Every structure is written in C-alpha cells, then in structure tokens.
file protein21.cif (mmCIF, C-alpha atoms)
data_entry
loop_
_atom_site.label_atom_id
_atom_site.label_comp_id
_atom_site.auth_asym_id
_atom_site.auth_seq_id
_atom_site.Cartn_x
_atom_site.Cartn_y
_atom_site.Cartn_z
CA MET Z 1 85.73 25.68 -82.69
CA GLY Z 2 83.16 22.91 -82.38
CA LEU Z 3 79.58 23.31 -81.27
CA ARG Z 4 79.03 22.64 -77.54
CA ILE Z 5 76.00 22.40 -75.31
CA ASN Z 6 77.30 22.05 -71.71
CA SER Z 7 79.70 25.02 -71.82
CA ASN Z 8 78.85 28.25 -73.64
CA ILE Z 9 82.33 29.81 -73.60
CA PRO Z 10 81.51 32.89 -75.73
CA ALA Z 11 78.49 33.74 -73.58
CA LEU Z 12 80.50 33.23 -70.37
CA GLY Z 13 83.19 35.62 -71.59
CA ALA Z 14 80.61 38.19 -72.58
CA ASN Z 15 78.89 37.78 -69.22
CA ARG Z 16 82.15 38.44 -67.35
CA GLN Z 17 82.74 41.62 -69.32
CA THR Z 18 79.13 42.68 -68.72
CA GLU Z 19 79.46 42.17 -64.96
CA GLN Z 20 82.58 44.33 -64.91
CA ALA Z 21 80.76 47.03 -66.89
CA ASN Z 22 77.81 46.80 -64.46
CA LYS Z 23 80.13 47.22 -61.47
CA ALA Z 24 81.91 50.19 -63.04
CA LEU Z 25 78.55 51.74 -63.99
CA THR Z 26 77.25 51.34 -60.43
CA ASN Z 27 80.44 52.96 -59.11
CA ALA Z 28 80.10 55.89 -61.52
CA LEU Z 29 76.45 56.41 -60.56
CA GLN Z 30 77.40 56.36 -56.88
CA LYS Z 31 80.04 59.03 -57.49
CA LEU Z 32 77.55 61.18 -59.39
CA GLY Z 33 74.98 60.76 -56.63
CA SER Z 34 77.35 61.70 -53.81
CA GLY Z 35 79.66 64.05 -55.67
CA LEU Z 36 82.57 62.15 -54.16
CA ARG Z 37 85.30 60.15 -55.85
CA ILE Z 38 85.93 58.24 -52.62
CA ASN Z 39 82.77 56.87 -51.04
CA GLN Z 40 84.39 53.96 -49.21
CA ALA Z 41 87.90 52.87 -48.31
CA ALA Z 42 88.03 50.41 -51.21
CA ASP Z 43 87.71 53.26 -53.72
CA ASP Z 44 91.14 54.68 -52.74
CA ALA Z 45 92.55 53.53 -49.39
CA ALA Z 46 95.56 55.88 -49.42
CA GLY Z 47 93.51 58.81 -50.69
CA LEU Z 48 90.92 58.25 -47.97
CA ALA Z 49 93.57 58.29 -45.24
CA ILE Z 50 95.13 61.50 -46.58
CA SER Z 51 91.78 63.25 -47.05
CA GLU Z 52 90.68 62.31 -43.54
CA ARG Z 53 93.78 63.98 -42.11
CA PHE Z 54 92.93 67.11 -44.08
CA ARG Z 55 89.34 66.90 -42.85
CA THR Z 56 90.53 66.66 -39.24
CA LYS Z 57 92.69 69.74 -39.78
CA ILE Z 58 89.74 71.60 -41.31
CA LEU Z 59 87.43 70.79 -38.39
CA GLN Z 60 90.08 71.81 -35.87
CA GLY Z 61 90.75 75.07 -37.71
CA GLN Z 62 87.06 75.92 -37.82
CA GLN Z 63 86.67 75.32 -34.09
CA GLU Z 64 89.79 77.34 -33.30
CA MET Z 65 88.34 80.25 -35.30
CA ASN Z 66 85.18 80.01 -33.19
CA ASN Z 67 87.28 79.97 -30.01
CA LEU Z 68 89.26 83.01 -31.12
CA GLN Z 69 86.07 84.85 -32.01
CA THR Z 70 84.87 84.10 -28.50
CA GLY Z 71 88.08 85.73 -27.27
CA VAL Z 72 87.32 88.81 -29.36
CA ASN Z 73 83.82 88.98 -27.89
CA TYR Z 74 85.21 88.52 -24.38
CA ALA Z 75 87.68 91.37 -24.84
CA GLN Z 76 84.99 93.59 -26.37
CA THR Z 77 82.76 93.03 -23.35
CA ALA Z 78 85.57 93.96 -20.97
CA ASP Z 79 86.38 97.02 -23.05
CA ALA Z 80 82.77 98.17 -22.90
CA GLY Z 81 82.89 98.03 -19.10
CA LEU Z 82 86.18 99.94 -19.06
CA ASP Z 83 84.65 102.60 -21.30
CA VAL Z 84 81.91 103.21 -18.72
CA GLN Z 85 84.53 103.39 -15.97
CA GLN Z 86 86.61 105.80 -18.03
CA GLN Z 87 83.68 108.16 -18.48
CA ALA Z 88 82.92 108.02 -14.76
CA THR Z 89 86.57 108.71 -13.87
CA GLN Z 90 86.71 111.62 -16.29
CA ARG Z 91 83.63 113.05 -14.59
CA ILE Z 92 85.29 112.61 -11.19
CA ARG Z 93 88.28 114.59 -12.47
CA GLU Z 94 85.97 117.31 -13.69
CA LEU Z 95 84.34 117.44 -10.24
CA ALA Z 96 87.75 117.55 -8.54
CA VAL Z 97 88.83 120.50 -10.65
CA GLN Z 98 85.58 122.26 -9.83
CA ALA Z 99 85.84 121.46 -6.09
CA SER Z 100 89.36 122.88 -5.94
CA ASN Z 101 87.95 126.31 -6.70
CA GLY Z 102 88.36 128.37 -3.55
CA THR Z 103 85.25 130.44 -4.25
CA LEU Z 104 82.85 127.53 -3.62
CA THR Z 105 80.89 127.16 -0.42
CA GLN Z 106 81.12 124.07 1.77
CA ASP Z 107 77.66 122.97 0.73
CA GLN Z 108 78.66 123.15 -2.89
CA ARG Z 109 81.79 121.07 -2.29
CA ASN Z 110 79.75 118.56 -0.32
CA ALA Z 111 77.41 118.20 -3.29
CA LEU Z 112 80.33 117.71 -5.66
CA ASN Z 113 81.87 115.14 -3.30
CA ALA Z 114 78.56 113.28 -3.05
CA GLU Z 115 78.40 112.94 -6.83
CA ALA Z 116 82.02 111.77 -6.92
CA GLN Z 117 81.28 109.09 -4.31
CA GLN Z 118 78.34 107.89 -6.38
CA LEU Z 119 80.55 107.68 -9.44
CA MET Z 120 83.14 105.64 -7.54
CA GLY Z 121 80.35 103.30 -6.49
CA GLN Z 122 79.40 103.03 -10.17
CA ILE Z 123 82.99 102.07 -11.04
CA ASP Z 124 82.86 99.22 -8.51
CA ASP Z 125 79.43 98.14 -9.76
CA VAL Z 126 80.76 97.95 -13.31
CA ALA Z 127 83.76 95.92 -12.08
CA GLN Z 128 81.43 93.48 -10.34
CA ASN Z 129 78.75 93.21 -13.02
CA THR Z 130 80.77 93.21 -16.24
CA GLN Z 131 80.54 89.49 -17.06
CA TYR Z 132 80.92 87.14 -19.98
CA ASN Z 133 79.04 83.86 -19.76
CA GLY Z 134 78.67 84.37 -16.02
CA GLN Z 135 82.36 85.16 -15.42
CA ALA Z 136 83.24 88.49 -13.81
CA MET Z 137 86.00 90.20 -15.75
CA LEU Z 138 87.09 93.41 -14.01
CA ASN Z 139 87.02 92.65 -10.29
CA ALA Z 140 90.33 90.72 -10.43
CA ASN Z 141 93.24 90.06 -12.76
CA THR Z 142 92.00 87.35 -15.12
CA THR Z 143 93.68 85.18 -17.73
CA THR Z 144 91.31 83.03 -19.77
CA PRO Z 145 92.67 80.35 -22.15
CA LEU Z 146 90.89 79.97 -25.49
CA GLY Z 147 91.81 76.35 -26.20
CA THR Z 148 93.82 76.85 -29.38
CA GLU Z 149 97.20 75.65 -30.60
CA GLY Z 150 99.76 78.12 -29.37
CA GLY Z 151 97.85 78.74 -26.12
CA ALA Z 152 95.98 81.93 -27.05
CA GLN Z 153 94.43 83.59 -24.00
CA VAL Z 154 92.63 86.77 -22.97
CA THR Z 155 94.19 88.82 -20.18
CA VAL Z 156 92.20 91.53 -18.36
CA ASN Z 157 93.64 93.63 -15.54
CA GLN Z 158 91.64 94.34 -12.42
CA SER Z 159 89.76 97.61 -12.69
CA ASP Z 160 87.90 98.73 -9.58
CA THR Z 161 88.42 101.71 -7.28
CA ALA Z 162 91.04 99.82 -5.27
CA ALA Z 163 93.07 98.79 -8.32
CA LEU Z 164 92.70 102.24 -9.86
CA GLY Z 165 93.78 104.04 -6.68
CA LEU Z 166 90.52 105.92 -6.24
CA THR Z 167 89.63 104.77 -2.72
CA GLY Z 168 89.57 107.46 -0.06
CA LEU Z 169 89.03 110.37 -2.43
CA ASP Z 170 87.42 113.35 -0.68
CA LEU Z 171 86.35 116.42 -2.61
CA SER Z 172 84.71 118.12 0.36
CA THR Z 173 87.76 120.37 0.81
CA ALA Z 174 89.77 122.35 -1.73
CA ALA Z 175 92.97 120.63 -0.60
CA GLY Z 176 91.36 117.20 -0.90
CA ALA Z 177 90.08 118.01 -4.37
CA THR Z 178 93.52 119.18 -5.48
CA ALA Z 179 95.17 116.05 -4.08
CA ALA Z 180 92.57 113.86 -5.79
CA LEU Z 181 93.66 115.05 -9.23
CA ASN Z 182 96.87 113.01 -9.17
CA ASN Z 183 94.99 109.88 -8.16
CA VAL Z 184 92.38 110.40 -10.86
CA ASP Z 185 95.04 110.94 -13.51
CA THR Z 186 96.74 107.71 -12.42
CA ALA Z 187 93.39 105.89 -12.64
CA LEU Z 188 92.76 107.21 -16.15
CA THR Z 189 96.24 106.07 -17.22
CA ARG Z 190 95.57 102.56 -15.88
CA ILE Z 191 92.23 102.36 -17.65
CA ASP Z 192 93.86 103.54 -20.88
CA GLN Z 193 96.55 100.88 -20.55
CA ASN Z 194 93.99 98.20 -19.85
CA ARG Z 195 91.92 99.18 -22.87
CA ALA Z 196 95.01 99.41 -25.07
CA GLY Z 197 96.00 95.90 -23.97
CA LEU Z 198 92.56 94.56 -24.83
CA GLY Z 199 92.67 96.28 -28.22
CA ALA Z 200 96.03 94.68 -28.99
CA GLN Z 201 94.67 91.28 -28.01
CA MET Z 202 91.60 91.72 -30.21
CA ASN Z 203 93.81 92.66 -33.15
CA ARG Z 204 95.98 89.60 -32.56
CA PHE Z 205 92.94 87.32 -32.40
CA GLU Z 206 91.56 88.82 -35.62
CA SER Z 207 94.93 88.24 -37.29
CA ASN Z 208 94.96 84.63 -36.07
CA ILE Z 209 91.43 84.15 -37.40
CA ASN Z 210 92.49 85.42 -40.84
CA GLN Z 211 95.49 83.09 -40.81
CA LEU Z 212 93.30 80.14 -39.86
CA GLN Z 213 90.81 81.02 -42.58
CA ASN Z 214 93.60 80.77 -45.17
CA SER Z 215 94.80 77.50 -43.66
CA VAL Z 216 91.30 76.01 -43.66
CA MET Z 217 90.70 77.17 -47.23
CA ASN Z 218 93.93 75.54 -48.43
CA ALA Z 219 93.21 72.33 -46.55
CA THR Z 220 89.66 72.27 -47.95
CA ASN Z 221 91.01 72.69 -51.46
CA ALA Z 222 93.53 69.87 -50.95
CA GLU Z 223 90.85 67.60 -49.46
CA SER Z 224 88.52 68.38 -52.35
CA MET Z 225 91.16 67.53 -54.95
CA ILE Z 226 91.57 64.10 -53.37
CA ARG Z 227 88.02 63.24 -52.38
CA ASP Z 228 85.60 65.05 -54.67
CA ALA Z 229 84.51 63.53 -57.95
CA ASP Z 230 85.42 65.06 -61.32
CA ILE Z 231 81.87 65.25 -62.63
CA ALA Z 232 82.82 65.60 -66.30
CA ARG Z 233 85.12 62.58 -66.19
CA THR Z 234 82.60 60.56 -64.17
CA VAL Z 235 79.85 61.27 -66.70
CA MET Z 236 82.15 60.05 -69.48
CA ASP Z 237 82.89 56.90 -67.47
CA ARG Z 238 79.19 56.32 -66.94
CA THR Z 239 78.43 56.70 -70.64
CA ARG Z 240 81.26 54.35 -71.63
CA ASN Z 241 80.14 51.70 -69.15
CA GLN Z 242 76.53 52.00 -70.25
CA ILE Z 243 77.62 51.30 -73.82
CA MET Z 244 79.79 48.40 -72.65
CA GLN Z 245 76.90 47.03 -70.63
CA GLN Z 246 74.54 47.16 -73.59
CA GLY Z 247 77.20 45.67 -75.87
CA GLY Z 248 77.80 42.86 -73.37
CA ILE Z 249 74.12 41.98 -73.26
CA ALA Z 250 74.06 41.86 -77.04
CA ALA Z 251 77.16 39.62 -77.01
CA ILE Z 252 75.53 37.23 -74.55
CA LEU Z 253 72.55 36.92 -76.87
CA GLN Z 254 74.84 36.21 -79.80
CA GLY Z 255 76.75 33.65 -77.75
CA ASN Z 256 73.57 31.65 -77.37
CA VAL Z 257 73.25 31.28 -81.15
CA ALA Z 258 75.94 28.58 -81.20
CA GLN Z 259 74.01 26.40 -78.74
CA ARG Z 260 70.82 26.83 -80.74
CA SER Z 261 72.77 25.69 -83.79
CA ALA Z 262 73.88 22.56 -81.92
CA LEU Z 263 70.30 21.90 -80.95
CA ALA Z 264 69.22 22.22 -84.56
CA LEU Z 265 71.78 19.53 -85.55
CA LEU Z 266 70.41 17.18 -82.88
CA ARG Z 267 66.89 17.68 -84.11
CA GLY Z 268 67.97 16.88 -87.69
#

call {"tool": "encode", "arguments": {"input": "protein21.cif", "output": "structure tokens"}}
result
Amino acid sequence: MGLRINSNIPALGANRQTEQANKALTNALQKLGSGLRINQAADDAAGLAISERFRTKILQGQQEMNNLQTGVNYAQTADAGLDVQQQATQRIRELAVQASNGTLTQDQRNALNAEAQQLMGQIDDVAQNTQYNGQAMLNANTTTPLGTEGGAQVTVNQSDTAALGLTGLDLSTAAGATAALNNVDTALTRIDQNRAGLGAQMNRFESNINQLQNSVMNATNAESMIRDADIARTVMDRTRNQIMQQGGIAAILQGNVAQRSALALLRG
C-alpha cells in the first residue's frame, strides 16, 4: 500500500476499535458502579420489561404482607378486648353462683348485684373503647377489608351486654341469680366463639404472609438473575476492554508512522 497524507487508513481503523473499547469499558464500569447489568433500556430492552414486571410483583407482595400484618394486629386488639370481657363475665358467673346461695342476707345479695352491674358496665365500656386506629371494634358487627388480592378481611362480632344477652341481669334475689346463670353461660359461649373466630383469622393471615414471603423471594431471585450484574464476568470484561483500549492507542500511534515516512520523502 502506498504512502498517503490526506487519509490515514490504519490510524482510522485503530481509532474505531479504540472507541468501541472505550464504550464497552464505560459500560462495564457503570455496571460495576451500580451492581446492575441493566442500567437503561438500551442495555437489554426485553430484560428490562420482564424485570420491571417482577419488580411490580415484589412491591405489591411487600405491601400486601404489610396489609395482612395490619389485619393480624387488628384481630389481636379485638381479642385483647374480648379477653377483658371474658374475665368480667366469668366474675359475674361467680357472683351469680354465690348470690344463689339461700343462706345470704338481702344486703349481701345487693352487694353482689352491685358488683355484677359494675362489671356489666365494664363490658360495655370495653366494647365502646376497644379501637384500632380510631375505629371501634366490638360495639357492632364489623367487617374490615385489608386491600389484598383475594379480598382478605377481618370480621369481628358485636360483643356488648346486649349482644351477649347480659342486659337485665339481677342478682338481688336467689331466683334471679339462678336464672342469670344460663344467660352468663350463653355470653361466655359467644365470647369464646368470637375469640376462636379471631384466632382462626390470625392464623390464616399468618399463613398468607408466609406464602407471600415465598412468592416475593422467588420474584426477587428471578428479577436479580435478569437485572443484577455478574461481578466476576463484568470485571473480566473491564480488564479485556482496558487492554483493548491501550492496544488501540498504541495502534493509532503506529498508524501515524506511515504519514511521517511520507513527510520524510517530501523533505528529501
């Protein structure tokens, strides 16, 4: 090939290869800096779209777990109120058994009845004041959606003296105390059923949380396989491109030798 001055073909070819090595080196350094194989859509358009769908699923799963945990907390709060009511009702039953004793005086029965009335007032207070995030939970039948796929919701049955059948109890007479026992037993059964229902719901929510944790973990793993950079491979790519870059610069320098030779001929 003859000597040329206007066009330095060898240097141009070396420059093109060097630019490609520079671009690849920059890309490798970006991956190492971010830890991601896909930093922009141009890196892998299809992979980005797939990984974004996984990421959406991950974010939804994480929020659903939070919602379900809120449901567990809600049910636990209601159960705590029911536990207080259960203890009060058990005490009322104890007082009714005591008041049914024919050996007691009227004053003694009146005292027992007064305590029972206070306990029934406590049951209604608990029904009114047991709240979660400002929402009363026991003064009416409530169904609270948790905002998850499948429509998970918390259901709490009304639990006050009216719903439990405790209104009108009178322990001031032996007959009244004896009659009250059936009502109190019915109230205890209703509280037990309500608590059992809440326990079953809490177990179901916990099971759903575990299932979502597995789903999120699998989706995270799939998203990572697509989006995250393989550090070992990226380091090898960086090293190769650094060598190619340095070799390209050396080739450009060598490509200029031919033009200097042409200049030497013109000087001669």

call {"tool": "resolve_selection", "arguments": {"input": "protein21.cif", "expression": "the PyMOL selection byres ((chain Z and resi 182) around 12)", "output": "list in words"}}
result
Ile92, Arg93, Ala96, Val97, Leu164, Gly165, Leu166, Leu169, Gly176, Ala177, Thr178, Ala179, Ala180, Leu181, Asn183, Val184, Asp185, Thr186, Ala187, Leu188 and Thr189 of chain Z

call {"tool": "resolve_selection", "arguments": {"input": "protein21.cif", "expression": "the PyMOL selection byres ((chain Z and resi 87) around 12)", "output": "MDAnalysis selection string"}}
result
chainID Z and resid 80:86 88:94 119:120 122:123 126 184 187:188 191:192

call {"tool": "resolve_selection", "arguments": {"input": "protein21.cif", "expression": "the PyMOL selection byres ((chain Z and resi 198) around 12)", "output": "ChimeraX atom specification"}}
result
/Z:71-83,143,153-157,191-197,199-205

call {"tool": "residues_around", "arguments": {"input": "protein21.cif", "residues": "range 210-221 of chain Z", "least_positions_apart": "2", "cutoff": "7 Å", "atoms": "all atoms listed in the file", "output": "NGL selection string"}}
result
:Z and (54 or 58 or 61 or 65 or 206-208 or 223-225)

call {"tool": "atom_distance", "arguments": {"input": "protein21.cif", "atom1": "CA of Pro145 in chain Z", "atom2": "CA of Thr70 in chain Z"}}
result
10.7 Å

call {"tool": "atom_distance", "arguments": {"input": "protein21.cif", "atom1": "CA of Asp170 in chain Z", "atom2": "CA of Asn113 in chain Z"}}
result
6.4 Å

call {"tool": "residues_around", "arguments": {"input": "protein21.cif", "residues": "Leu48 in chain Z", "least_positions_apart": "5", "cutoff": "9 Å", "atoms": "all atoms listed in the file", "output": "list in words"}}
result
Ile38, Asn39, Gln40, Ala41, Ala42, Asp43, Arg53, Ile226 and Arg227 of chain Z

call {"tool": "atom_distance", "arguments": {"input": "protein21.cif", "atom1": "CA of Ile209 in chain Z", "atom2": "CA of Asn133 in chain Z"}}
result
21.6 Å

call {"tool": "closest_residue", "arguments": {"input": "protein21.cif", "among": "Z:Ile50, Z:Ala175, Z:Ala127, Z:Thr167", "to": "Ala140 in chain Z", "atoms": "all atoms listed in the file"}}
result
Z:Ala127
